[in-house]
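data37.pdb (PDB, C-alpha atoms)
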ATOM      1  CA  MET A  11      12.934  34.219  60.187  1.00  0.00           C
ATOM      2  CA  THR A  12      11.176  37.520  60.739  1.00  0.00           C
ATOM      3  CA  PRO A  13       8.329  37.449  63.261  1.00  0.00           C
ATOM      4  CA  SER A  14       4.797  37.983  61.997  1.00  0.00           C
ATOM      5  CA  LYS A  15       2.583  40.902  62.940  1.00  0.00           C
ATOM      6  CA  LYS A  16       0.503  38.379  64.885  1.00  0.00           C
ATOM      7  CA  ALA A  17       3.585  37.382  66.898  1.00  0.00           C
ATOM      8  CA  ILE A  18       4.220  41.046  67.724  1.00  0.00           C
ATOM      9  CA  ALA A  19       0.561  41.506  68.690  1.00  0.00           C
ATOM     10  CA  ASP A  20       0.682  38.440  70.950  1.00  0.00           C
ATOM     11  CA  TYR A  21       3.963  39.629  72.502  1.00  0.00           C
ATOM     12  CA  LEU A  22       2.411  43.013  73.345  1.00  0.00           C
ATOM     13  CA  GLY A  23      -1.084  41.762  74.156  1.00  0.00           C
ATOM     14  CA  LEU A  24      -2.590  43.873  71.382  1.00  0.00           C
ATOM     15  CA  ASP A  25      -5.037  43.127  68.609  1.00  0.00           C
ATOM     16  CA  ARG A  26      -3.358  41.984  65.390  1.00  0.00           C
ATOM     17  CA  SER A  27      -5.183  44.645  63.338  1.00  0.00           C
ATOM     18  CA  THR A  28      -3.770  47.361  65.614  1.00  0.00           C
ATOM     19  CA  VAL A  29      -0.220  46.137  65.063  1.00  0.00           C
ATOM     20  CA  SER A  30      -0.797  45.771  61.317  1.00  0.00           C
ATOM     21  CA  LYS A  31      -2.178  49.289  60.952  1.00  0.00           C
ATOM     22  CA  ILE A  32       0.661  50.804  62.965  1.00  0.00           C
ATOM     23  CA  LEU A  33       3.395  48.953  61.057  1.00  0.00           C
ATOM     24  CA  ASN A  34       1.718  49.831  57.746  1.00  0.00           C
ATOM     25  CA  ARG A  35       1.561  53.487  58.865  1.00  0.00           C
ATOM     26  CA  TYR A  36      -2.218  53.456  58.312  1.00  0.00           C
ATOM     27  CA  GLU A  37      -4.313  56.045  60.196  1.00  0.00           C
ATOM     28  CA  LEU A  38      -1.690  56.490  62.901  1.00  0.00           C
ATOM     29  CA  GLU A  39      -3.623  59.409  64.359  1.00  0.00           C
ATOM     30  CA  ARG A  40      -6.198  56.884  65.645  1.00  0.00           C
ATOM     31  CA  PHE A  41      -3.663  55.360  68.027  1.00  0.00           C
ATOM     32  CA  ASN A  42      -2.131  56.594  71.252  1.00  0.00           C
ATOM     33  CA  SER A  43       1.466  57.702  70.594  1.00  0.00           C
ATOM     34  CA  ALA A  44       2.681  55.421  73.402  1.00  0.00           C
ATOM     35  CA  THR A  45       1.059  52.414  71.689  1.00  0.00           C
ATOM     36  CA  VAL A  46       2.678  53.342  68.374  1.00  0.00           C
ATOM     37  CA  ALA A  47       6.058  53.618  70.110  1.00  0.00           C
ATOM     38  CA  ARG A  48       5.583  50.232  71.869  1.00  0.00           C
ATOM     39  CA  VAL A  49       4.722  48.488  68.584  1.00  0.00           C
ATOM     40  CA  GLU A  50       7.641  50.061  66.720  1.00  0.00           C
ATOM     41  CA  GLN A  51      10.041  49.194  69.559  1.00  0.00           C
ATOM     42  CA  ALA A  52       8.830  45.583  69.735  1.00  0.00           C
ATOM     43  CA  ALA A  53       9.128  45.236  65.958  1.00  0.00           C
ATOM     44  CA  ARG A  54      12.760  46.422  66.133  1.00  0.00           C
ATOM     45  CA  GLU A  55      13.586  44.187  69.101  1.00  0.00           C
ATOM     46  CA  LEU A  56      12.016  41.106  67.518  1.00  0.00           C
ATOM     47  CA  GLY A  57      13.660  41.748  64.138  1.00  0.00           C
ATOM     48  CA  PHE A  58      10.471  42.392  62.169  1.00  0.00           C
ATOM     49  CA  VAL A  59      11.064  43.218  58.494  1.00  0.00           C
ATOM     50  CA  GLN A  60       8.227  44.854  56.591  1.00  0.00           C
ATOM     51  CA  ALA A  61       7.267  42.980  53.415  1.00  0.00           C
ATOM     52  CA  GLN A  62       8.376  44.710  50.245  1.00  0.00           C
ATOM     53  CA  ARG A  63       5.601  46.650  48.624  1.00  0.00           C
ATOM     54  CA  ARG A  64       4.947  46.771  44.918  1.00  0.00           C
ATOM     55  CA  ASP A  65       7.239  49.428  43.508  1.00  0.00           C
ATOM     56  CA  ALA A  66       5.612  49.904  40.124  1.00  0.00           C
ATOM     57  CA  PRO A  67       2.172  51.158  39.143  1.00  0.00           C
ATOM     58  CA  ARG A  68      -0.293  48.634  37.743  1.00  0.00           C
ATOM     59  CA  ILE A  69      -1.590  49.053  34.208  1.00  0.00           C
ATOM     60  CA  PRO A  70      -4.959  47.476  33.338  1.00  0.00           C
ATOM     61  CA  LEU A  71      -4.684  44.709  30.737  1.00  0.00           C
ATOM     62  CA  GLY A  72      -7.709  42.378  30.707  1.00  0.00           C
ATOM     63  CA  ALA A  73      -6.015  39.741  28.501  1.00  0.00           C
ATOM     64  CA  LEU A  74      -6.807  36.041  28.373  1.00  0.00           C
ATOM     65  CA  VAL A  75      -3.904  33.822  29.445  1.00  0.00           C
ATOM     66  CA  ARG A  76      -2.916  30.182  29.503  1.00  0.00           C
ATOM     67  CA  VAL A  77      -1.509  29.215  32.891  1.00  0.00           C
ATOM     68  CA  ARG A  78       0.658  26.313  34.068  1.00  0.00           C
ATOM     69  CA  ALA A  79       1.466  25.648  37.708  1.00  0.00           C
ATOM     70  CA  LEU A  80       4.994  24.218  37.850  1.00  0.00           C
ATOM     71  CA  LEU A  81       6.557  22.367  40.767  1.00  0.00           C
ATOM     72  CA  SER A  82      10.066  23.252  41.968  1.00  0.00           C
ATOM     73  CA  GLY A  83      11.660  20.664  39.651  1.00  0.00           C
ATOM     74  CA  GLY A  84       9.836  22.144  36.630  1.00  0.00           C
ATOM     75  CA  ALA A  85       7.203  19.415  36.259  1.00  0.00           C
ATOM     76  CA  ALA A  86       3.734  20.676  35.335  1.00  0.00           C
ATOM     77  CA  HIS A  87       1.241  20.218  38.175  1.00  0.00           C
ATOM     78  CA  SER A  88      -1.847  21.660  36.472  1.00  0.00           C
ATOM     79  CA  GLU A  89      -2.881  23.829  33.536  1.00  0.00           C
ATOM     80  CA  GLY A  90      -5.731  26.192  32.857  1.00  0.00           C
ATOM     81  CA  THR A  91      -6.792  29.685  31.904  1.00  0.00           C
ATOM     82  CA  GLY A  92      -7.343  33.062  33.474  1.00  0.00           C
ATOM     83  CA  VAL A  93      -7.412  36.771  32.795  1.00  0.00           C
ATOM     84  CA  VAL A  94      -4.477  39.092  33.535  1.00  0.00           C
ATOM     85  CA  ARG A  95      -6.333  42.056  35.036  1.00  0.00           C
ATOM     86  CA  ASP A  96      -3.291  44.261  35.413  1.00  0.00           C
ATOM     87  CA  VAL A  97       0.446  44.169  34.935  1.00  0.00           C
ATOM     88  CA  SER A  98       3.435  46.111  36.270  1.00  0.00           C
ATOM     89  CA  ARG A  99       7.200  45.920  35.961  1.00  0.00           C
ATOM     90  CA  SER A 100       7.269  43.727  39.059  1.00  0.00           C
ATOM     91  CA  GLY A 101       4.284  41.425  38.554  1.00  0.00           C
ATOM     92  CA  PHE A 102       0.713  40.838  37.484  1.00  0.00           C
ATOM     93  CA  LEU A 103      -2.718  39.878  38.805  1.00  0.00           C
ATOM     94  CA  ILE A 104      -4.566  36.901  37.339  1.00  0.00           C
ATOM     95  CA  SER A 105      -8.290  36.658  38.007  1.00  0.00           C
ATOM     96  CA  ASP A 106     -10.924  34.137  36.962  1.00  0.00           C
ATOM     97  CA  LEU A 107      -8.262  31.469  37.352  1.00  0.00           C
ATOM     98  CA  CYS A 108      -9.564  28.079  36.288  1.00  0.00           C
ATOM     99  CA  LEU A 109      -7.133  25.182  36.620  1.00  0.00           C
ATOM    100  CA  GLY A 110      -7.673  21.594  35.606  1.00  0.00           C
ATOM    101  CA  PRO A 111      -7.248  18.556  37.841  1.00  0.00           C
ATOM    102  CA  GLY A 112      -4.794  19.187  40.636  1.00  0.00           C
ATOM    103  CA  GLY A 113      -5.604  22.886  41.063  1.00  0.00           C
ATOM    104  CA  LEU A 114      -2.897  24.795  42.873  1.00  0.00           C
ATOM    105  CA  PRO A 115      -0.164  22.679  44.477  1.00  0.00           C
ATOM    106  CA  ALA A 116       0.139  22.534  48.255  1.00  0.00           C
ATOM    107  CA  VAL A 117       3.930  22.849  47.914  1.00  0.00           C
ATOM    108  CA  PRO A 118       6.032  25.752  46.597  1.00  0.00           C
ATOM    109  CA  PHE A 119       5.371  26.384  42.916  1.00  0.00           C
ATOM    110  CA  ARG A 120       5.717  28.957  40.192  1.00  0.00           C
ATOM    111  CA  LEU A 121       3.378  29.982  37.407  1.00  0.00           C
ATOM    112  CA  GLU A 122       4.160  30.046  33.718  1.00  0.00           C
ATOM    113  CA  VAL A 123       1.796  32.362  31.861  1.00  0.00           C
ATOM    114  CA  GLU A 124       1.330  32.944  28.140  1.00  0.00           C
ATOM    115  CA  VAL A 125      -0.769  35.934  27.126  1.00  0.00           C
ATOM    116  CA  ALA A 126      -3.320  34.714  24.566  1.00  0.00           C
ATOM    117  CA  SER A 127      -5.029  37.964  23.557  1.00  0.00           C
ATOM    118  CA  GLY A 128      -4.550  41.699  23.297  1.00  0.00           C
ATOM    119  CA  ARG A 129      -1.452  43.818  22.740  1.00  0.00           C
ATOM    120  CA  LEU A 130       0.810  41.438  24.653  1.00  0.00           C
ATOM    121  CA  ALA A 131      -0.394  38.244  22.899  1.00  0.00           C
ATOM    122  CA  GLY A 132       2.364  35.650  22.805  1.00  0.00           C
ATOM    123  CA  LEU A 133       4.269  37.150  25.740  1.00  0.00           C
ATOM    124  CA  ARG A 134       5.474  34.481  28.186  1.00  0.00           C
ATOM    125  CA  LEU A 135       6.088  35.324  31.835  1.00  0.00           C
ATOM    126  CA  GLN A 136       7.061  33.319  34.895  1.00  0.00           C
ATOM    127  CA  GLY A 137       6.417  34.297  38.465  1.00  0.00           C
ATOM    128  CA  ARG A 138       5.874  33.171  41.996  1.00  0.00           C
ATOM    129  CA  PRO A 139       2.544  33.578  43.765  1.00  0.00           C
ATOM    130  CA  VAL A 140       2.533  36.304  46.404  1.00  0.00           C
ATOM    131  CA  ARG A 141      -1.180  36.703  47.144  1.00  0.00           C
ATOM    132  CA  LEU A 142      -4.187  34.454  46.753  1.00  0.00           C
ATOM    133  CA  VAL A 143      -7.716  35.870  46.863  1.00  0.00           C
ATOM    134  CA  SER A 144     -10.771  33.657  46.735  1.00  0.00           C
ATOM    135  CA  SER A 145     -14.350  34.786  46.228  1.00  0.00           C
ATOM    136  CA  PRO A 146     -16.511  31.737  47.044  1.00  0.00           C
ATOM    137  CA  ALA A 147     -19.778  33.507  46.259  1.00  0.00           C
ATOM    138  CA  GLU A 148     -18.616  34.106  42.692  1.00  0.00           C
ATOM    139  CA  GLU A 149     -16.513  30.927  42.505  1.00  0.00           C
ATOM    140  CA  ARG A 150     -13.522  33.031  41.451  1.00  0.00           C
ATOM    141  CA  LEU A 151      -9.888  32.796  42.320  1.00  0.00           C
ATOM    142  CA  SER A 152      -7.358  35.591  41.817  1.00  0.00           C
ATOM    143  CA  ILE A 153      -3.641  35.331  42.328  1.00  0.00           C
ATOM    144  CA  GLY A 154      -1.008  38.052  42.563  1.00  0.00           C
ATOM    145  CA  VAL A 155       2.248  37.013  40.923  1.00  0.00           C
ATOM    146  CA  ALA A 156       5.734  38.531  41.331  1.00  0.00           C
ATOM    147  CA  LEU A 157       7.832  38.237  38.183  1.00  0.00           C
ATOM    148  CA  LEU A 158      10.838  35.966  38.223  1.00  0.00           C
ATOM    149  CA  ALA A 159      13.822  36.484  35.903  1.00  0.00           C
ATOM    150  CA  VAL A 160      12.722  38.050  32.615  1.00  0.00           C
ATOM    151  CA  ASP A 161      14.863  37.781  29.478  1.00  0.00           C
ATOM    152  CA  ALA A 162      15.841  40.972  27.615  1.00  0.00           C
ATOM    153  CA  PRO A 163      13.369  40.715  24.685  1.00  0.00           C
ATOM    154  CA  THR A 164      10.457  40.018  27.048  1.00  0.00           C
ATOM    155  CA  ARG A 165      11.509  42.893  29.347  1.00  0.00           C
ATOM    156  CA  GLU A 166      11.735  45.265  26.346  1.00  0.00           C
ATOM    157  CA  ARG A 167       8.265  44.306  25.140  1.00  0.00           C
ATOM    158  CA  LEU A 168       6.768  44.607  28.617  1.00  0.00           C
ATOM    159  CA  ASP A 169       8.495  47.943  29.273  1.00  0.00           C
ATOM    160  CA  SER A 170       7.356  49.281  25.893  1.00  0.00           C
ATOM    161  CA  PHE A 171       3.741  48.365  26.708  1.00  0.00           C
ATOM    162  CA  LEU A 172       3.924  49.898  30.182  1.00  0.00           C
ATOM    163  CA  ASP A 173       5.631  53.092  28.965  1.00  0.00           C
ATOM    164  CA  ALA A 174       2.970  53.590  26.275  1.00  0.00           C
ATOM    165  CA  ALA A 175       0.106  53.174  28.748  1.00  0.00           C
TER     166      ALA A 175
END
This entry written out as structure tokens:
Amino acid sequence: MTPSKKAIADYLGLDRSTVSKILNRYELERFNSATVARVEQAARELGFVQAQRRDAPRIPLGALVRVRALLSGGAAHSEGTGVVRDVSRSGFLISDLCLGPGGLPAVPFRLEVEVASGRLAGLRLQGRPVRLVSSPAEERLSIGVALLAVDAPTRERLDSFLDAA
């Protein structure tokens, strides 16, 4: 298992944000070149692998969706609604997520989403959660979802929408 940025920071006695910024190549000019070299060397030695970044631009959508959280065996854990804020060839972002009893499972799960409005109405997608963002002040939950296997007709419809945007 690849070490975390926190593990690298602890190993070097540095702040986690310093390690994160260096490994993300963010504002490198702010850091001493020796520190950058130490972090990069430690990351190589410890076997750190940078998380894959989204490789496709996001296109705004703003469509209502029906959402089901499914457990690994395929059983439905909870159902609800949300809004797909944006979509790309690799995933989508659901905001204003409102799930019924059970909420999000505390075990690995996937999401099944059916677009209920807009140009992609009727489109069904499945994905795995990759990012969860909560805004307690607004009582909102957003979740970034990476697409799982997509059948050919769904891929064609999604690609057609994205190419036209």
Polymer residues at most 6 Å from segment 67-73 of chain A, all atoms listed in the file, same-chain spacing of 2 or more positions, as an mmCIF file with C-alpha atoms, keeping the file's coordinate frame:
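Listed below is the output, selection.cif:
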data_model
loop_
_atom_site.group_PDB
_atom_site.id
_atom_site.type_symbol
_atom_site.label_atom_id
_atom_site.label_comp_id
_atom_site.auth_asym_id
_atom_site.auth_seq_id
_atom_site.Cartn_x
_atom_site.Cartn_y
_atom_site.Cartn_z
ATOM 1 C CA VAL A 93 -7.412 36.771 32.795
ATOM 2 C CA VAL A 94 -4.477 39.092 33.535
ATOM 3 C CA ARG A 95 -6.333 42.056 35.036
ATOM 4 C CA ASP A 96 -3.291 44.261 35.413
ATOM 5 C CA VAL A 97 0.446 44.169 34.935
ATOM 6 C CA SER A 98 3.435 46.111 36.270
ATOM 7 C CA SER A 127 -5.029 37.964 23.557
ATOM 8 C CA GLY A 128 -4.550 41.699 23.297
#
Separating atom CA of Gly113 of chain A from atom CA of Arg78 of chain A, to the nearest tenth of an Å, is a gap of 10.0 Å
Name the residues that the PyMOL selection byres ((chain A and resi 75) around 6) picks from the file above, as a ChimeraX atom specification, using the file's chain letters and numbers. /A:74,76,91-93,124-126
Give as a list in words the residues that the PyMOL selection byres ((chain A and resi 31) around 12) matches when applied to the coordinates above. Lys15, Lys16, Ala19, Leu24, Asp25, Arg26, Ser27, Thr28, Val29, Ser30, Ile32, Leu33, Asn34, Arg35, Tyr36, Glu37, Leu38, Glu39, Arg40, Phe41, Thr45, Val46, Val49 and Glu50 of chain A
Which one is closest to Leu157 of chain A: A:Tyr21, A:Phe58, A:Phe102, A:Phe119? Count all atoms listed in the file.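 Of A:Tyr21, A:Phe58, A:Phe102, A:Phe119, the one nearest Leu157 of chain A is A:Phe102, counting all atoms listed in the file.
Here atom CA of Arg138 of chain A stands at a distance of 4.6 Å from atom CA of Arg120 of chain A.
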